[in-house]
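Below is protein_8.csv, holding CSV, C-alpha atoms.
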chain,number,residue,atom,x,y,z
A,1,MET,CA,7.6,-10.0,16.7
A,2,GLY,CA,4.0,-9.2,15.8
A,3,ILE,CA,2.6,-8.4,12.4
A,4,TYR,CA,-0.3,-5.9,12.0
A,5,ILE,CA,-2.1,-4.7,8.9
A,6,GLY,CA,-3.6,-1.3,8.8
A,7,ILE,CA,-6.0,-0.2,6.0
A,8,PRO,CA,-6.3,3.6,5.7
A,9,ALA,CA,-9.6,4.7,4.3
A,10,ARG,CA,-10.8,8.1,3.4
A,11,TYR,CA,-14.4,8.7,2.2
A,12,GLY,CA,-13.7,12.2,0.9
A,13,SER,CA,-11.2,11.3,-1.7
A,14,THR,CA,-10.6,14.3,-4.0
A,15,ARG,CA,-10.2,12.2,-7.1
A,16,PHE,CA,-13.0,9.7,-6.4
A,17,PRO,CA,-15.3,10.6,-3.5
A,18,GLY,CA,-16.7,7.7,-1.5
A,19,LYS,CA,-14.5,5.2,-3.2
A,20,PRO,CA,-13.8,2.9,-0.1
A,21,LEU,CA,-17.5,2.0,-0.2
A,22,LYS,CA,-17.9,1.6,-3.9
A,23,LYS,CA,-19.2,-1.9,-4.7
A,24,ILE,CA,-17.3,-4.7,-6.5
A,25,LEU,CA,-19.4,-7.8,-7.1
A,26,GLY,CA,-21.7,-7.0,-4.2
A,27,LEU,CA,-19.0,-6.0,-1.6
A,28,SER,CA,-17.5,-2.6,-0.9
A,29,MET,CA,-13.9,-2.2,-1.9
A,30,LEU,CA,-13.0,-1.7,1.8
A,31,GLU,CA,-14.6,-5.1,2.6
A,32,HIS,CA,-12.6,-6.8,-0.1
A,33,CYS,CA,-9.4,-5.3,1.4
A,34,TYR,CA,-10.3,-6.3,4.9
A,35,LYS,CA,-11.3,-9.8,4.2
A,36,ARG,CA,-8.2,-10.4,2.1
A,37,ALA,CA,-5.9,-8.9,4.7
A,38,SER,CA,-7.5,-11.2,7.3
A,39,MET,CA,-6.3,-14.2,5.2
A,40,VAL,CA,-2.6,-13.3,5.4
A,41,LYS,CA,-0.6,-16.0,7.2
A,42,ASN,CA,0.8,-15.3,10.7
A,43,ILE,CA,-0.8,-11.9,11.3
A,44,ASP,CA,-1.9,-10.6,14.7
A,45,LYS,CA,-4.5,-8.0,13.8
A,46,VAL,CA,-6.1,-6.3,10.8
A,47,PHE,CA,-7.7,-2.8,11.3
A,48,VAL,CA,-9.2,0.0,9.3
A,49,ALA,CA,-7.8,3.5,10.1
A,50,SER,CA,-10.1,6.4,9.2
A,51,GLY,CA,-11.3,9.8,10.4
A,52,ASP,CA,-14.6,9.6,8.5
A,53,ASP,CA,-17.9,9.1,10.3
A,54,LYS,CA,-19.3,7.2,7.3
A,55,ILE,CA,-16.4,4.8,7.3
A,56,SER,CA,-16.8,4.4,11.1
A,57,ALA,CA,-20.5,3.6,10.8
A,58,PHE,CA,-19.9,1.2,8.0
A,59,CYS,CA,-17.2,-0.7,9.9
A,60,LYS,CA,-19.5,-1.0,12.9
A,61,GLU,CA,-22.3,-2.3,10.8
A,62,LYS,CA,-20.0,-4.9,9.1
A,63,GLU,CA,-18.1,-5.8,12.4
A,64,ILE,CA,-14.8,-4.6,10.9
A,65,GLU,CA,-12.1,-3.8,13.3
A,66,PHE,CA,-11.8,0.0,13.3
A,67,ILE,CA,-9.5,2.6,14.9
A,68,PRO,CA,-10.6,6.3,14.6
A,69,THR,CA,-8.0,8.9,13.6
A,70,ASP,CA,-7.9,12.6,13.2
A,71,PRO,CA,-9.9,13.6,10.0
A,72,SER,CA,-7.2,16.2,9.1
A,73,ILE,CA,-4.6,13.5,8.4
A,74,GLU,CA,-4.0,13.3,4.7
A,75,ARG,CA,-1.1,10.8,4.3
A,76,PRO,CA,-2.2,7.1,4.5
A,77,GLY,CA,1.0,5.9,6.2
A,78,LEU,CA,0.7,8.5,9.0
A,79,ARG,CA,-3.0,7.6,9.5
A,80,VAL,CA,-2.1,3.9,10.0
A,81,GLN,CA,0.7,4.9,12.4
A,82,LYS,CA,-1.6,7.1,14.5
A,83,ALA,CA,-4.1,4.2,14.7
A,84,ALA,CA,-1.3,1.7,15.5
A,85,GLU,CA,-0.1,3.8,18.4
A,86,ARG,CA,-3.1,2.5,20.3
A,87,LEU,CA,-1.9,-1.1,20.1
A,88,ASN,CA,1.1,-0.9,22.4
A,89,LEU,CA,3.5,-2.3,19.8
A,90,ASN,CA,7.1,-3.3,20.3
A,91,ASP,CA,9.9,-1.7,18.2
A,92,GLU,CA,10.5,-4.9,16.3
A,93,ASP,CA,6.9,-5.4,15.3
A,94,ILE,CA,5.9,-5.0,11.7
A,95,VAL,CA,3.1,-2.7,10.5
A,96,VAL,CA,1.9,-3.2,7.0
A,97,VAL,CA,0.1,-0.3,5.2
A,98,TRP,CA,-2.5,-1.9,2.8
A,99,GLN,CA,-4.1,0.9,0.8
A,100,GLY,CA,-7.8,0.8,0.9
A,101,ASP,CA,-8.0,1.3,-2.8
A,102,GLU,CA,-6.2,-2.0,-3.6
A,103,PRO,CA,-9.0,-4.6,-3.6
A,104,LEU,CA,-7.2,-7.2,-5.7
A,105,ILE,CA,-4.1,-7.7,-3.5
A,106,HIS,CA,-3.4,-11.4,-3.0
A,107,PRO,CA,-2.8,-12.4,0.7
A,108,ASP,CA,0.5,-14.0,-0.2
A,109,MET,CA,1.8,-10.7,-1.4
A,110,VAL,CA,1.8,-9.4,2.2
A,111,PHE,CA,3.7,-12.5,3.4
A,112,ASP,CA,6.2,-12.0,0.6
A,113,SER,CA,6.6,-8.3,1.2
A,114,ILE,CA,7.7,-8.6,4.8
A,115,GLN,CA,10.5,-11.1,4.1
A,116,PRO,CA,13.2,-8.4,3.5
A,117,LEU,CA,12.5,-7.0,7.0
A,118,ILE,CA,12.7,-10.4,8.6
A,119,ASN,CA,15.8,-11.6,6.6
A,120,ASN,CA,17.7,-8.3,7.0
A,121,PRO,CA,16.6,-6.8,10.3
A,122,ASN,CA,19.6,-4.4,10.6
A,123,ASP,CA,19.6,-3.2,7.0
A,124,ILE,CA,16.0,-3.1,5.7
A,125,PHE,CA,13.3,-1.3,7.7
A,126,VAL,CA,10.7,-0.8,5.0
A,127,SER,CA,9.7,-2.6,1.9
A,128,ASN,CA,7.2,-2.3,-0.9
A,129,MET,CA,5.6,-4.7,-3.4
A,130,MET,CA,6.0,-4.0,-7.1
A,131,ALA,CA,4.6,-5.5,-10.3
A,132,VAL,CA,5.5,-5.3,-14.0
A,133,ALA,CA,4.1,-2.1,-15.4
A,134,SER,CA,2.2,-2.2,-18.7
A,135,GLU,CA,2.5,0.6,-21.2
A,136,GLU,CA,-0.8,1.9,-19.9
A,137,ASP,CA,0.5,1.9,-16.4
A,138,ARG,CA,3.7,3.8,-17.5
A,139,ASN,CA,1.5,6.6,-18.8
A,140,ASN,CA,-1.0,6.7,-16.0
A,141,PRO,CA,0.1,9.2,-13.3
A,142,SER,CA,-2.0,7.3,-10.7
A,143,GLU,CA,0.4,4.4,-11.0
A,144,ILE,CA,3.7,5.0,-9.2
A,145,LYS,CA,6.6,3.7,-11.3
A,146,VAL,CA,9.8,2.5,-9.6
A,147,VAL,CA,13.4,2.0,-10.8
A,148,ILE,CA,15.5,-0.6,-8.9
A,149,ASP,CA,19.1,-1.6,-8.5
A,150,SER,CA,20.6,-5.1,-9.0
A,151,GLN,CA,19.5,-6.0,-5.4
A,152,ASN,CA,15.9,-4.9,-5.9
A,153,ILE,CA,16.4,-1.7,-3.8
A,154,ALA,CA,14.5,1.3,-5.0
A,155,LEU,CA,16.5,4.0,-6.7
A,156,PHE,CA,13.7,6.3,-7.6
A,157,MET,CA,9.9,6.4,-7.8
A,158,SER,CA,7.8,8.7,-10.1
A,159,ARG,CA,4.4,9.2,-11.5
A,160,ALA,CA,6.1,9.8,-14.9
A,161,PRO,CA,7.0,6.9,-17.2
A,162,ILE,CA,10.4,5.7,-15.9
A,163,PRO,CA,12.8,4.5,-17.0
A,164,SER,CA,12.7,6.7,-20.0
A,165,LYS,CA,12.6,5.1,-23.5
A,166,PHE,CA,13.8,8.2,-25.4
A,167,HIS,CA,17.4,7.0,-25.8
A,168,GLU,CA,17.2,3.4,-24.8
A,169,GLU,CA,19.9,1.1,-26.2
A,170,GLU,CA,18.4,-2.0,-24.6
A,171,GLY,CA,14.9,-2.3,-23.2
A,172,THR,CA,14.4,-3.1,-19.5
A,173,THR,CA,11.3,-4.1,-17.6
A,174,SER,CA,9.3,-1.3,-16.1
A,175,TYR,CA,7.8,-1.8,-12.7
A,176,LYS,CA,5.0,-0.1,-10.7
A,177,GLN,CA,4.6,0.1,-7.0
A,178,VAL,CA,1.8,-1.9,-5.5
A,179,CYS,CA,0.7,-0.2,-2.3
A,180,VAL,CA,1.5,-2.9,0.3
A,181,MET,CA,4.1,-1.2,2.5
A,182,PRO,CA,5.5,-3.0,5.5
A,183,PHE,CA,7.4,-1.0,8.1
A,184,ARG,CA,9.4,-2.0,11.1
A,185,TRP,CA,7.5,-0.2,13.9
A,186,LYS,CA,10.5,1.7,15.2
A,187,PHE,CA,11.3,3.0,11.6
A,188,MET,CA,7.6,3.9,11.0
A,189,LYS,CA,7.7,6.2,14.0
A,190,PHE,CA,11.1,7.7,12.9
A,191,PHE,CA,9.8,8.0,9.3
A,192,ASN,CA,6.8,10.0,10.3
A,193,TYR,CA,8.2,12.0,13.2
A,194,GLY,CA,12.0,12.1,12.6
A,195,LEU,CA,12.3,12.5,8.8
A,196,LYS,CA,11.2,15.8,7.3
A,197,SER,CA,9.1,15.7,4.1
A,198,ALA,CA,11.6,15.7,1.3
A,199,LYS,CA,11.6,17.8,-1.9
A,200,LEU,CA,11.3,14.9,-4.2
A,201,GLU,CA,8.5,13.5,-2.1
A,202,LYS,CA,6.6,16.8,-2.5
A,203,GLN,CA,7.4,17.1,-6.2
A,204,GLU,CA,6.1,13.6,-7.0
A,205,SER,CA,3.6,13.2,-4.1
A,206,ILE,CA,5.1,9.8,-3.2
A,207,GLU,CA,5.9,9.2,0.5
A,208,MET,CA,8.6,6.5,-0.1
A,209,LEU,CA,10.8,9.1,-1.7
A,210,ARG,CA,11.4,10.6,1.8
A,211,ALA,CA,13.2,7.3,2.8
A,212,ILE,CA,15.1,7.1,-0.5
A,213,GLU,CA,16.2,10.7,-0.4
A,214,ASN,CA,17.5,10.2,3.1
A,215,ASN,CA,19.5,7.1,2.1
A,216,TYR,CA,17.3,4.5,3.8
A,217,LYS,CA,16.9,1.4,1.7
A,218,VAL,CA,13.5,0.6,0.4
A,219,ALA,CA,13.4,-3.1,-0.6
A,220,MET,CA,11.1,-3.9,-3.5
A,221,VAL,CA,9.6,-7.4,-3.8
A,222,ASN,CA,8.3,-8.5,-7.1
A,223,SER,CA,4.7,-9.9,-7.4
A,224,ILE,CA,3.3,-12.3,-9.9
A,225,PHE,CA,-0.3,-11.4,-9.1
A,226,ILE,CA,-2.4,-9.0,-11.1
A,227,THR,CA,-3.6,-6.0,-9.0
A,228,LYS,CA,-5.4,-2.7,-9.7
A,229,SER,CA,-5.4,0.4,-7.7
A,230,VAL,CA,-8.7,2.4,-7.9
A,231,ASP,CA,-8.6,6.1,-8.2
A,232,THR,CA,-11.3,6.7,-10.9
A,233,GLN,CA,-14.6,5.2,-12.1
A,234,LYS,CA,-12.6,3.6,-15.0
A,235,ASP,CA,-10.2,2.0,-12.5
A,236,LEU,CA,-13.2,0.7,-10.6
A,237,ASP,CA,-14.7,-0.8,-13.8
A,238,ASP,CA,-11.4,-2.4,-14.6
A,239,ALA,CA,-11.2,-3.8,-11.0
A,240,ILE,CA,-14.7,-5.3,-11.4
A,241,GLU,CA,-13.6,-7.1,-14.6
A,242,LEU,CA,-10.4,-8.4,-12.9
A,243,MET,CA,-12.4,-9.6,-9.9
A,244,LEU,CA,-14.5,-11.8,-12.0
A,245,ASN,CA,-11.6,-14.1,-12.6
A,246,ASP,CA,-10.0,-13.7,-9.2
A,247,LYS,CA,-9.7,-16.9,-7.1
A,248,VAL,CA,-9.2,-15.3,-3.7
A,249,LYS,CA,-12.7,-13.9,-3.6
A,250,GLU,CA,-14.1,-17.5,-3.6
A,251,HIS,CA,-13.0,-17.8,0.0
A,252,TYR,CA,-15.2,-15.0,1.3
A,253,LEU,CA,-17.9,-14.1,-1.2

Just give me the structure as structure tokens.
Amino acid sequence: MGIYIGIPARYGSTRFPGKPLKKILGLSMLEHCYKRASMVKNIDKVFVASGDDKISAFCKEKEIEFIPTDPSIERPGLRVQKAAERLNLNDEDIVVVWQGDEPLIHPDMVFDSIQPLINNPNDIFVSNMMAVASEEDRNNPSEIKVVIDSQNIALFMSRAPIPSKFHEEEGTTSYKQVCVMPFRWKFMKFFNYGLKSAKLEKQESIEMLRAIENNYKVAMVNSIFITKSVDTQKDLDDAIELMLNDKVKEHYL
């Protein structure tokens, strides 16, 4: 079983154009992602998947493994899959989608996230990382919130603040998705080619809802690490502040 990490990167982001190449303490956000992904234990390959000439040129300059994809692809998971199709993978291999706007992910998070696929190969085909959501996270539509069952299987994901607090009798922990998404390769192909885009997925603009709505288990793995997804300039400013106290960066800066 091989383990591959694909980092989708799109220069022309509608919310924050050029964000993969925005600098954080002297390195682009994309470089932070790539260098951290390269530190994950027991991986076979890390690659950037993009359809942008600027990203391609940047990766060539920085000697970053790069696989070109069709520029018209919008969904990050599909972009990684299209790139991974060039690698002649086996069905039981694992492909991890590491979003290119997650520069603070700890390498151990990826190792932890793939454990449900390894421990339950006949039941779990995809998993996601999650972290405790602050009140700011709950009210930020850029952060995807997740509700889980007693076995840490996702029940629903939303950009709205869930679970609701309007009628709570007892408070519960709120969680947010962290965009580290390992797929069993055979399921990744089925997910993108065999499962139609679901209504809830389109309503919320959250890919994982396609699996949930079609009764496929999405295992959620809790993380103790502080992360920050970057979709705006403020997010970038916050990521820079967090990176100042980050220990992982000391291994590559």

Computed gap from CA of Asn140 in chain A to CA of Thr232 in chain A is 11.5 Å

Of the candidates A:Ala154, A:Asn120, A:Ser38, A:Gln81, which shows the shortest atom-to-atom distance to Glu213 in chain A, using all atoms listed in the file? A:Ala154

For Gly26 in chain A, list every protein, DNA or RNA residue within 12 Å, evaluated using all atoms listed in the file, and leave out those in the same chain fewer than 6 positions away; present the list as a tab-separated table (two decimals) with C-alpha atoms, keeping the file's coordinate frame.
chain	number	residue	atom	x	y	z
A	32	HIS	CA	-12.60	-6.80	-0.10
A	240	ILE	CA	-14.70	-5.30	-11.40
A	243	MET	CA	-12.40	-9.60	-9.90
A	244	LEU	CA	-14.50	-11.80	-12.00
A	249	LYS	CA	-12.70	-13.90	-3.60
A	252	TYR	CA	-15.20	-15.00	1.30
A	253	LEU	CA	-17.90	-14.10	-1.20

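Between CA of Leu209 in chain A and CA of Pro141 in chain A the separation is 15.8 Å.
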
List as a VMD selection string the protein and nucleic acid residues near Asn192 in chain A, meaning an atom at most 12 Å away when all atoms listed in the file are counted, but skip any in the same chain fewer than 6 places from it. chain A and resid 75 to 82 183 185 to 186 198 207 to 208 210 to 211

Would you mind listing what lies within 9 Å of range 48-65 of chain A as a ChimeraX atom specification, with only C-alpha atoms counted and same-chain residues fewer than 3 positions away left out? /A:5-12,20-21,30-31,34,45,68-73,76,79-84,100

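The coordinates place CA of Lys41 in chain A at 24.3 Å from CA of Ala239 in chain A.
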
With distances taken over all atoms listed in the file, the candidate from A:Val248, A:Val180, A:Val97, A:Leu117 nearest Arg36 in chain A is A:Val248

I'd like the neighbourhood of range 107-114 of chain A as a VMD selection string, where a residue qualifies if any of its atoms comes within 9 Å (using all atoms listed in the file), though same-chain residues fewer than 4 positions away should be ignored. chain A and resid 36 to 42 94 96 98 118 to 119 126 to 129 180 to 183 219 to 225 248

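If you measure from each of A:Asn152, A:Gln115, A:Asn139, A:Asn88 to Ser164 in chain A using only C-alpha atoms, the closest one turns out to be A:Asn139.
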
Quick one: range 208-242 of chain A with N, CA and C atoms, as a PDB file, keeping the file's coordinate frame?
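This went into part-v7.pdb:
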ATOM      1  N   MET A 208       7.388   7.336  -0.187  1.00  0.00           N
ATOM      2  CA  MET A 208       8.600   6.500  -0.100  1.00  0.00           C
ATOM      3  C   MET A 208       9.853   7.288  -0.512  1.00  0.00           C
ATOM      4  N   LEU A 209       9.684   8.353  -1.277  1.00  0.00           N
ATOM      5  CA  LEU A 209      10.800   9.100  -1.700  1.00  0.00           C
ATOM      6  C   LEU A 209      11.505   9.818  -0.485  1.00  0.00           C
ATOM      7  N   ARG A 210      10.805   9.985   0.598  1.00  0.00           N
ATOM      8  CA  ARG A 210      11.400  10.600   1.800  1.00  0.00           C
ATOM      9  C   ARG A 210      12.490   9.615   2.335  1.00  0.00           C
ATOM     10  N   ALA A 211      12.200   8.320   2.327  1.00  0.00           N
ATOM     11  CA  ALA A 211      13.200   7.300   2.800  1.00  0.00           C
ATOM     12  C   ALA A 211      14.360   7.279   1.796  1.00  0.00           C
ATOM     13  N   ILE A 212      14.062   7.221   0.510  1.00  0.00           N
ATOM     14  CA  ILE A 212      15.100   7.100  -0.500  1.00  0.00           C
ATOM     15  C   ILE A 212      16.017   8.314  -0.487  1.00  0.00           C
ATOM     16  N   GLU A 213      15.431   9.506  -0.410  1.00  0.00           N
ATOM     17  CA  GLU A 213      16.200  10.700  -0.400  1.00  0.00           C
ATOM     18  C   GLU A 213      17.104  10.874   0.795  1.00  0.00           C
ATOM     19  N   ASN A 214      16.727  10.194   1.882  1.00  0.00           N
ATOM     20  CA  ASN A 214      17.500  10.200   3.100  1.00  0.00           C
ATOM     21  C   ASN A 214      18.395   8.985   3.276  1.00  0.00           C
ATOM     22  N   ASN A 215      18.597   8.262   2.166  1.00  0.00           N
ATOM     23  CA  ASN A 215      19.500   7.100   2.100  1.00  0.00           C
ATOM     24  C   ASN A 215      19.109   5.929   2.969  1.00  0.00           C
ATOM     25  N   TYR A 216      17.804   5.733   3.129  1.00  0.00           N
ATOM     26  CA  TYR A 216      17.300   4.500   3.800  1.00  0.00           C
ATOM     27  C   TYR A 216      16.826   3.576   2.657  1.00  0.00           C
ATOM     28  N   LYS A 217      17.231   2.326   2.747  1.00  0.00           N
ATOM     29  CA  LYS A 217      16.900   1.400   1.700  1.00  0.00           C
ATOM     30  C   LYS A 217      15.436   0.986   1.733  1.00  0.00           C
ATOM     31  N   VAL A 218      14.821   1.042   0.552  1.00  0.00           N
ATOM     32  CA  VAL A 218      13.500   0.600   0.400  1.00  0.00           C
ATOM     33  C   VAL A 218      13.526  -0.677  -0.486  1.00  0.00           C
ATOM     34  N   ALA A 219      13.363  -1.843   0.126  1.00  0.00           N
ATOM     35  CA  ALA A 219      13.400  -3.100  -0.600  1.00  0.00           C
ATOM     36  C   ALA A 219      12.149  -3.285  -1.419  1.00  0.00           C
ATOM     37  N   MET A 220      12.294  -3.674  -2.670  1.00  0.00           N
ATOM     38  CA  MET A 220      11.100  -3.900  -3.500  1.00  0.00           C
ATOM     39  C   MET A 220      11.022  -5.422  -3.768  1.00  0.00           C
ATOM     40  N   VAL A 221       9.813  -5.936  -3.644  1.00  0.00           N
ATOM     41  CA  VAL A 221       9.600  -7.400  -3.800  1.00  0.00           C
ATOM     42  C   VAL A 221       8.617  -7.564  -4.966  1.00  0.00           C
ATOM     43  N   ASN A 222       9.063  -8.346  -5.929  1.00  0.00           N
ATOM     44  CA  ASN A 222       8.300  -8.500  -7.100  1.00  0.00           C
ATOM     45  C   ASN A 222       7.070  -9.431  -6.898  1.00  0.00           C
ATOM     46  N   SER A 223       5.961  -9.108  -7.513  1.00  0.00           N
ATOM     47  CA  SER A 223       4.700  -9.900  -7.400  1.00  0.00           C
ATOM     48  C   SER A 223       4.323 -10.464  -8.723  1.00  0.00           C
ATOM     49  N   ILE A 224       3.805 -11.682  -8.679  1.00  0.00           N
ATOM     50  CA  ILE A 224       3.300 -12.300  -9.900  1.00  0.00           C
ATOM     51  C   ILE A 224       1.808 -12.121 -10.056  1.00  0.00           C
ATOM     52  N   PHE A 225       1.184 -11.478  -9.066  1.00  0.00           N
ATOM     53  CA  PHE A 225      -0.300 -11.400  -9.100  1.00  0.00           C
ATOM     54  C   PHE A 225      -0.715 -10.068  -9.764  1.00  0.00           C
ATOM     55  N   ILE A 226      -1.867 -10.140 -10.389  1.00  0.00           N
ATOM     56  CA  ILE A 226      -2.400  -9.000 -11.100  1.00  0.00           C
ATOM     57  C   ILE A 226      -3.236  -8.168 -10.036  1.00  0.00           C
ATOM     58  N   THR A 227      -2.932  -6.880  -9.943  1.00  0.00           N
ATOM     59  CA  THR A 227      -3.600  -6.000  -9.000  1.00  0.00           C
ATOM     60  C   THR A 227      -4.122  -4.761  -9.767  1.00  0.00           C
ATOM     61  N   LYS A 228      -4.951  -3.987  -9.090  1.00  0.00           N
ATOM     62  CA  LYS A 228      -5.400  -2.700  -9.700  1.00  0.00           C
ATOM     63  C   LYS A 228      -5.766  -1.746  -8.593  1.00  0.00           C
ATOM     64  N   SER A 229      -5.059  -0.623  -8.582  1.00  0.00           N
ATOM     65  CA  SER A 229      -5.400   0.400  -7.700  1.00  0.00           C
ATOM     66  C   SER A 229      -6.566   1.245  -8.243  1.00  0.00           C
ATOM     67  N   VAL A 230      -7.469   1.700  -7.393  1.00  0.00           N
ATOM     68  CA  VAL A 230      -8.700   2.400  -7.900  1.00  0.00           C
ATOM     69  C   VAL A 230      -8.669   3.834  -7.462  1.00  0.00           C
ATOM     70  N   ASP A 231      -8.590   4.704  -8.460  1.00  0.00           N
ATOM     71  CA  ASP A 231      -8.600   6.100  -8.200  1.00  0.00           C
ATOM     72  C   ASP A 231      -9.685   6.848  -9.054  1.00  0.00           C
ATOM     73  N   THR A 232     -10.289   6.138 -10.010  1.00  0.00           N
ATOM     74  CA  THR A 232     -11.300   6.700 -10.900  1.00  0.00           C
ATOM     75  C   THR A 232     -12.400   5.692 -11.131  1.00  0.00           C
ATOM     76  N   GLN A 233     -13.481   6.137 -11.740  1.00  0.00           N
ATOM     77  CA  GLN A 233     -14.600   5.200 -12.100  1.00  0.00           C
ATOM     78  C   GLN A 233     -14.049   4.152 -13.077  1.00  0.00           C
ATOM     79  N   LYS A 234     -13.203   4.555 -14.010  1.00  0.00           N
ATOM     80  CA  LYS A 234     -12.600   3.600 -15.000  1.00  0.00           C
ATOM     81  C   LYS A 234     -11.818   2.525 -14.231  1.00  0.00           C
ATOM     82  N   ASP A 235     -11.023   2.973 -13.252  1.00  0.00           N
ATOM     83  CA  ASP A 235     -10.200   2.000 -12.500  1.00  0.00           C
ATOM     84  C   ASP A 235     -11.181   1.019 -11.776  1.00  0.00           C
ATOM     85  N   LEU A 236     -12.286   1.525 -11.250  1.00  0.00           N
ATOM     86  CA  LEU A 236     -13.200   0.700 -10.600  1.00  0.00           C
ATOM     87  C   LEU A 236     -13.834  -0.350 -11.556  1.00  0.00           C
ATOM     88  N   ASP A 237     -14.189   0.116 -12.747  1.00  0.00           N
ATOM     89  CA  ASP A 237     -14.700  -0.800 -13.800  1.00  0.00           C
ATOM     90  C   ASP A 237     -13.714  -1.860 -14.133  1.00  0.00           C
ATOM     91  N   ASP A 238     -12.447  -1.462 -14.244  1.00  0.00           N
ATOM     92  CA  ASP A 238     -11.400  -2.400 -14.600  1.00  0.00           C
ATOM     93  C   ASP A 238     -11.231  -3.437 -13.410  1.00  0.00           C
ATOM     94  N   ALA A 239     -11.315  -2.945 -12.161  1.00  0.00           N
ATOM     95  CA  ALA A 239     -11.200  -3.800 -11.000  1.00  0.00           C
ATOM     96  C   ALA A 239     -12.321  -4.849 -10.958  1.00  0.00           C
ATOM     97  N   ILE A 240     -13.508  -4.415 -11.328  1.00  0.00           N
ATOM     98  CA  ILE A 240     -14.700  -5.300 -11.400  1.00  0.00           C
ATOM     99  C   ILE A 240     -14.409  -6.439 -12.381  1.00  0.00           C
ATOM    100  N   GLU A 241     -13.889  -6.080 -13.544  1.00  0.00           N
ATOM    101  CA  GLU A 241     -13.600  -7.100 -14.600  1.00  0.00           C
ATOM    102  C   GLU A 241     -12.538  -8.065 -14.092  1.00  0.00           C
ATOM    103  N   LEU A 242     -11.504  -7.566 -13.453  1.00  0.00           N
ATOM    104  CA  LEU A 242     -10.400  -8.400 -12.900  1.00  0.00           C
ATOM    105  C   LEU A 242     -10.955  -9.342 -11.827  1.00  0.00           C
TER     106      LEU A 242
END
